[in-house]
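To start, the structure itself, in structure tokens.
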Amino acid sequence: MKFVEYPDREMLMITLADSLAIELKAFLMNHERASFAVPGGTTPGPVFDTLSDIDLGWERIDVMLTDERWVPEENPRSNTALLRNRLLTRRAAMARYLPIYTDTEAPEAALDDLAAGLEGSFPISLLLLGMGTDGHTASLFPGADRLSEALAADAPPLMAMRAPGAPEPRVTLTAPVLKGAMSTHVLITGAEKRAALEVAAKKPVEEAPINAVLGAATVHWAE
């Protein structure tokens with residue numbers, strides 16, 4: 001793990017956006033397409049705002065979420081809606097978005113079709129993750145109903161997940177897909193998250209799933 005500390009959050013967001021843009025441009029110099037997997041939540045919003053207006057050749061980039069709550073886009077908890085508002089705008093509107101949600105009552109009914117839509121985009125070219133104070137990343141939560149299956153080397157690329165404290169089912173990219181990314185960055189802010197990272201790094205992966213990717217990741221942090 002590489003840990004990078006920034007003097008403030010504004011500097012973190014701008015510098016990280018620039019770093020991600022440089023990596024995507026470099027990848028596209030040698031490949032026809034790039035895949036870019038990103039987290040939901042509000043923390044990466046400023047990174048997305050900056051990235052969305054950088055000319056990267058977005059028409060050659062496949063964008064996907066690392067996980068999604070099983071709610072429609074009009075729901076305020078939808079990660080897809082946040083992504084459309086913050087990243088897939090301006091120049092980045094030309095990117096190809098690969099959804100991991102569709103309008104079915106339960107995710108299990110749609111997983112095969114959604115996973116088929118991701119084929120050809122693995123390994124992920126560039127992966128951006130967040131982390132919860134419980135050590136979860138994507139929707140790989142400690143105590144989730146199918147966590148051990150999602151962490152297994154033979155896990156399918158996309159799984160449904162239900163976890164204590166999560167008010168709706170989730171769908172998530174699984175550990176083999178996340179671990180297989182060609183470049184991995186983790187974005188966290190605040191003293192609580194930094195302390196949680198230090199604790200998580202000492203736990204087994206079942207108790208802190210972020211450990212599935214930390215070894216090869218660059219962690220970006222500001223107070």
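By convention in this document, the chains of the structure tokens carry letters A, B, ... by their order, each chain's residues are numbered from 1, and ligands are numbered from 1 in the order they are shown.
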Margin query: Taking only range 119-188 of chain A into account, list the residues labelled strand (DSSP E or B) by DSSP (computed from the backbone), as an MDAnalysis selection string.
Written below: chainID A and resid 126:129 137 140 158:161 170:173 184:188
Report as a PyMOL selection string all protein, DNA and RNA residues lying within 12 Å of His31 in chain A, evaluated on only C-alpha atoms, omitting residues in the same chain fewer than 3 positions from it.
chain A and resi 24-28+34-35+57+60-61+121+125
Dump all heavy atoms for the selected residues as a short mmCIF file (atom, residue, chain, number, x, y, z; two decimals), in the first residue's frame?
```cif
data_model
loop_
_atom_site.label_atom_id
_atom_site.label_comp_id
_atom_site.auth_asym_id
_atom_site.auth_seq_id
_atom_site.Cartn_x
_atom_site.Cartn_y
_atom_site.Cartn_z
N LEU A 24 -5.57 7.38 -17.36
CA LEU A 24 -6.49 6.99 -18.44
C LEU A 24 -5.92 7.36 -19.80
O LEU A 24 -5.98 6.57 -20.75
CB LEU A 24 -7.85 7.64 -18.23
CG LEU A 24 -8.71 7.03 -17.12
CD1 LEU A 24 -9.90 7.93 -16.80
CD2 LEU A 24 -9.20 5.63 -17.51
N LYS A 25 -5.35 8.53 -19.92
CA LYS A 25 -4.74 8.94 -21.19
C LYS A 25 -3.60 7.99 -21.57
O LYS A 25 -3.48 7.59 -22.74
CB LYS A 25 -4.21 10.37 -21.08
CG LYS A 25 -5.28 11.44 -21.12
CD LYS A 25 -4.65 12.83 -21.02
CE LYS A 25 -5.69 13.93 -21.08
NZ LYS A 25 -5.09 15.29 -20.98
N ALA A 26 -2.78 7.65 -20.60
CA ALA A 26 -1.65 6.76 -20.87
C ALA A 26 -2.14 5.38 -21.31
O ALA A 26 -1.58 4.77 -22.23
CB ALA A 26 -0.76 6.65 -19.63
N PHE A 27 -3.19 4.90 -20.66
CA PHE A 27 -3.72 3.58 -21.02
C PHE A 27 -4.24 3.59 -22.45
O PHE A 27 -4.01 2.65 -23.22
CB PHE A 27 -4.82 3.18 -20.04
CG PHE A 27 -5.25 1.74 -20.19
CD1 PHE A 27 -4.59 0.74 -19.50
CD2 PHE A 27 -6.32 1.40 -21.01
CE1 PHE A 27 -4.98 -0.59 -19.64
CE2 PHE A 27 -6.71 0.08 -21.15
CZ PHE A 27 -6.04 -0.92 -20.47
N LEU A 28 -4.95 4.66 -22.82
CA LEU A 28 -5.54 4.73 -24.15
C LEU A 28 -4.50 4.91 -25.25
O LEU A 28 -4.81 4.70 -26.43
CB LEU A 28 -6.56 5.86 -24.21
CG LEU A 28 -7.87 5.59 -23.46
CD1 LEU A 28 -8.72 6.85 -23.40
CD2 LEU A 28 -8.64 4.45 -24.09
N ALA A 34 -10.60 1.79 -22.57
CA ALA A 34 -10.23 1.69 -21.15
C ALA A 34 -11.51 1.52 -20.34
O ALA A 34 -12.58 2.00 -20.73
CB ALA A 34 -9.50 2.95 -20.70
N SER A 35 -11.40 0.84 -19.21
CA SER A 35 -12.53 0.71 -18.28
C SER A 35 -12.18 1.41 -16.98
O SER A 35 -11.06 1.30 -16.47
CB SER A 35 -12.88 -0.76 -18.03
OG SER A 35 -11.75 -1.50 -17.63
N GLY A 57 -10.68 11.57 -24.38
CA GLY A 57 -11.15 10.57 -25.33
C GLY A 57 -12.21 9.71 -24.67
O GLY A 57 -12.16 8.49 -24.71
N ARG A 60 -13.97 6.45 -25.74
CA ARG A 60 -13.27 5.16 -25.70
C ARG A 60 -13.17 4.61 -24.27
O ARG A 60 -12.43 3.67 -24.02
CB ARG A 60 -11.86 5.32 -26.29
CG ARG A 60 -11.86 5.70 -27.76
CD ARG A 60 -10.48 6.14 -28.21
NE ARG A 60 -9.47 5.11 -27.95
CZ ARG A 60 -8.16 5.36 -27.88
NH1 ARG A 60 -7.70 6.61 -28.02
NH2 ARG A 60 -7.31 4.39 -27.65
N ILE A 61 -13.94 5.19 -23.35
CA ILE A 61 -13.86 4.77 -21.95
C ILE A 61 -15.20 4.19 -21.50
O ILE A 61 -16.25 4.78 -21.72
CB ILE A 61 -13.47 5.96 -21.05
CG1 ILE A 61 -12.08 6.48 -21.43
CG2 ILE A 61 -13.51 5.56 -19.57
CD1 ILE A 61 -11.64 7.72 -20.69
N SER A 121 -14.80 -5.67 -20.39
CA SER A 121 -14.25 -4.52 -19.69
C SER A 121 -13.30 -4.92 -18.56
O SER A 121 -12.83 -4.07 -17.82
CB SER A 121 -15.38 -3.66 -19.12
OG SER A 121 -16.14 -3.10 -20.16
N SER A 125 -9.24 -1.22 -16.09
CA SER A 125 -8.03 -0.44 -16.35
C SER A 125 -7.66 0.44 -15.17
O SER A 125 -6.49 0.53 -14.78
CB SER A 125 -8.24 0.44 -17.59
OG SER A 125 -8.76 -0.29 -18.67
#
```
Got a sec to tell me which of range 60-94 of chain A DSSP assigns to alpha helix (DSSP H), as a list in words?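 In range 60-94 of chain A, DSSP puts these residues in alpha helix (DSSP H): Asn79, Thr80, Ala81, Leu82, Leu83, Arg84, Asn85 and Arg86 of chain A.
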Deliver the residues from the most recent selection as a file, using N, CA, C and O atoms, as an mmCIF file, in the first residue's frame.
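part-v8.cif, written as the output of this step:
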```
data_model
loop_
_atom_site.group_PDB
_atom_site.id
_atom_site.type_symbol
_atom_site.label_atom_id
_atom_site.label_comp_id
_atom_site.auth_asym_id
_atom_site.auth_seq_id
_atom_site.Cartn_x
_atom_site.Cartn_y
_atom_site.Cartn_z
ATOM 1 N N ASN A 79 -26.696 5.515 -6.607
ATOM 2 C CA ASN A 79 -25.348 5.891 -7.034
ATOM 3 C C ASN A 79 -25.326 6.258 -8.514
ATOM 4 O O ASN A 79 -24.548 7.112 -8.942
ATOM 5 N N THR A 80 -26.176 5.607 -9.298
ATOM 6 C CA THR A 80 -26.239 5.908 -10.725
ATOM 7 C C THR A 80 -26.620 7.361 -10.954
ATOM 8 O O THR A 80 -26.030 8.050 -11.799
ATOM 9 N N ALA A 81 -27.613 7.835 -10.210
ATOM 10 C CA ALA A 81 -28.031 9.223 -10.358
ATOM 11 C C ALA A 81 -26.895 10.182 -10.027
ATOM 12 O O ALA A 81 -26.654 11.169 -10.743
ATOM 13 N N LEU A 82 -26.172 9.892 -8.952
ATOM 14 C CA LEU A 82 -25.037 10.741 -8.586
ATOM 15 C C LEU A 82 -23.991 10.747 -9.695
ATOM 16 O O LEU A 82 -23.449 11.802 -10.048
ATOM 17 N N LEU A 83 -23.747 9.580 -10.268
ATOM 18 C CA LEU A 83 -22.741 9.486 -11.321
ATOM 19 C C LEU A 83 -23.149 10.290 -12.551
ATOM 20 O O LEU A 83 -22.327 10.980 -13.156
ATOM 21 N N ARG A 84 -24.410 10.218 -12.901
ATOM 22 C CA ARG A 84 -24.888 10.974 -14.069
ATOM 23 C C ARG A 84 -24.790 12.484 -13.822
ATOM 24 O O ARG A 84 -24.510 13.256 -14.746
ATOM 25 N N ASN A 85 -24.986 12.899 -12.583
ATOM 26 C CA ASN A 85 -24.957 14.324 -12.260
ATOM 27 C C ASN A 85 -23.552 14.882 -12.090
ATOM 28 O O ASN A 85 -23.315 16.066 -12.352
ATOM 29 N N ARG A 86 -22.609 14.039 -11.675
ATOM 30 C CA ARG A 86 -21.286 14.544 -11.314
ATOM 31 C C ARG A 86 -20.172 14.122 -12.284
ATOM 32 O O ARG A 86 -19.211 14.874 -12.459
#
```
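Each of A:Met64, A:Leu128, A:Leu173, A:Ile54 was checked against His185 in chain A using only C-alpha atoms; the smallest atom-to-atom distance is that of A:Leu128.
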Self-check item: Test item: residues at most 8 Å from Arg170 in chain A, only C-alpha atoms, excluding those fewer than 2 positions along its chain, as a list in words
Solution: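 Near neighbours after the sequence-gap exclusion: Asp67, Glu68, Arg69, Trp70, Pro107, Ser139, Ala160, Met161, Arg162, Glu168 and Thr172 of chain A.
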#### Entry: Among the residues A:Leu178, A:Val47, A:Met29, A:Ala93, the one that comes closest to Ala138 in chain A [using only C-alpha atoms]
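The shortest atom-to-atom distance to Ala138 in chain A comes from A:Leu178.
For Thr43 in chain A, the non-local neighbours within 10 Å, defined as residues at least 3 positions apart in the same chain or in other chains and counting only C-alpha atoms, are Met13, Pro39, Gly40, Pro46, Val47, Phe48, Gly130, Leu187, Ile188 and Thr189 of chain A.
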> Which neighbours of Leu114 in chain A fall inside 10 Å, counting only C-alpha atoms, when residues of the same chain fewer than 4 positions from it are skipped, and could you give them as a PyMOL selection string?
Replying inline: chain A and resi 98-102+107+109-110+118-119+158
What does the file look like for those residues with N, CA, C and O atoms, as a CSV table (one decimal), in the first residue's frame?
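again-v2.csv was written with the following content:
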```csv
chain,number,residue,atom,x,y,z
A,98,LEU,N,-21.8,1.5,-18.2
A,98,LEU,CA,-22.2,0.1,-18.1
A,98,LEU,C,-23.0,-0.1,-16.8
A,98,LEU,O,-22.4,-0.1,-15.7
A,99,PRO,N,-24.3,-0.2,-16.9
A,99,PRO,CA,-25.1,-0.2,-15.6
A,99,PRO,C,-25.0,-1.5,-14.9
A,99,PRO,O,-24.8,-2.6,-15.5
A,100,ILE,N,-25.2,-1.4,-13.6
A,100,ILE,CA,-25.3,-2.6,-12.8
A,100,ILE,C,-26.6,-2.6,-12.0
A,100,ILE,O,-26.7,-3.2,-10.9
A,101,TYR,N,-27.6,-1.8,-12.5
A,101,TYR,CA,-28.9,-1.8,-11.9
A,101,TYR,C,-29.9,-1.8,-13.1
A,101,TYR,O,-29.7,-1.2,-14.1
A,102,THR,N,-31.0,-2.5,-12.9
A,102,THR,CA,-32.1,-2.5,-13.8
A,102,THR,C,-33.4,-2.6,-13.0
A,102,THR,O,-33.4,-3.0,-11.8
A,107,PRO,N,-32.3,-8.0,-7.1
A,107,PRO,CA,-31.2,-8.0,-8.1
A,107,PRO,C,-30.9,-9.4,-8.7
A,107,PRO,O,-30.4,-9.5,-9.8
A,109,ALA,N,-32.7,-11.4,-10.1
A,109,ALA,CA,-33.4,-11.7,-11.4
A,109,ALA,C,-32.6,-11.1,-12.6
A,109,ALA,O,-32.9,-11.4,-13.7
A,110,ALA,N,-31.7,-10.1,-12.3
A,110,ALA,CA,-31.1,-9.4,-13.4
A,110,ALA,C,-29.6,-9.6,-13.4
A,110,ALA,O,-28.9,-9.1,-14.3
A,118,LEU,N,-21.0,-6.3,-18.7
A,118,LEU,CA,-19.6,-5.9,-18.2
A,118,LEU,C,-18.6,-6.7,-19.0
A,118,LEU,O,-17.4,-6.3,-18.9
A,119,GLU,N,-18.9,-7.7,-19.7
A,119,GLU,CA,-17.9,-8.6,-20.3
A,119,GLU,C,-17.1,-7.7,-21.3
A,119,GLU,O,-17.6,-6.9,-22.0
A,158,LEU,N,-20.1,-10.2,-10.5
A,158,LEU,CA,-21.1,-9.4,-10.0
A,158,LEU,C,-22.0,-10.2,-9.1
A,158,LEU,O,-22.5,-11.3,-9.4
```
Worksheet item: If we count only C-alpha atoms, what is near Gly143 in chain A at a cut-off of 8 Å, once residues fewer than 2 positions away on the same chain are taken out, given as JSON, numbers by chain?
Response: {"A": [141, 145, 147, 163, 164, 207]}
Written selection (N, CA and C atoms) as a PDB file, in the first residue's frame:
```pdb
ATOM      1  N   PHE A 141     -19.336  -5.838   2.642  1.00  0.00           N
ATOM      2  CA  PHE A 141     -19.481  -5.414   4.036  1.00  0.00           C
ATOM      3  C   PHE A 141     -19.102  -6.545   4.989  1.00  0.00           C
ATOM      4  N   ASP A 145     -24.331 -11.138   3.929  1.00  0.00           N
ATOM      5  CA  ASP A 145     -24.834 -12.500   3.827  1.00  0.00           C
ATOM      6  C   ASP A 145     -24.002 -13.409   2.927  1.00  0.00           C
ATOM      7  N   LEU A 147     -20.647 -12.620   1.887  1.00  0.00           N
ATOM      8  CA  LEU A 147     -19.309 -12.040   1.808  1.00  0.00           C
ATOM      9  C   LEU A 147     -18.254 -13.073   1.454  1.00  0.00           C
ATOM     10  N   ALA A 163     -26.621  -6.715   3.815  1.00  0.00           N
ATOM     11  CA  ALA A 163     -25.771  -6.548   4.984  1.00  0.00           C
ATOM     12  C   ALA A 163     -26.534  -5.890   6.113  1.00  0.00           C
ATOM     13  N   PRO A 164     -26.174  -6.192   7.366  1.00  0.00           N
ATOM     14  CA  PRO A 164     -26.791  -5.511   8.503  1.00  0.00           C
ATOM     15  C   PRO A 164     -26.598  -3.999   8.390  1.00  0.00           C
ATOM     16  N   GLU A 207     -13.075  -9.541   8.028  1.00  0.00           N
ATOM     17  CA  GLU A 207     -13.469  -8.499   8.972  1.00  0.00           C
ATOM     18  C   GLU A 207     -13.257  -7.096   8.433  1.00  0.00           C
TER      19      GLU A 207
END
```
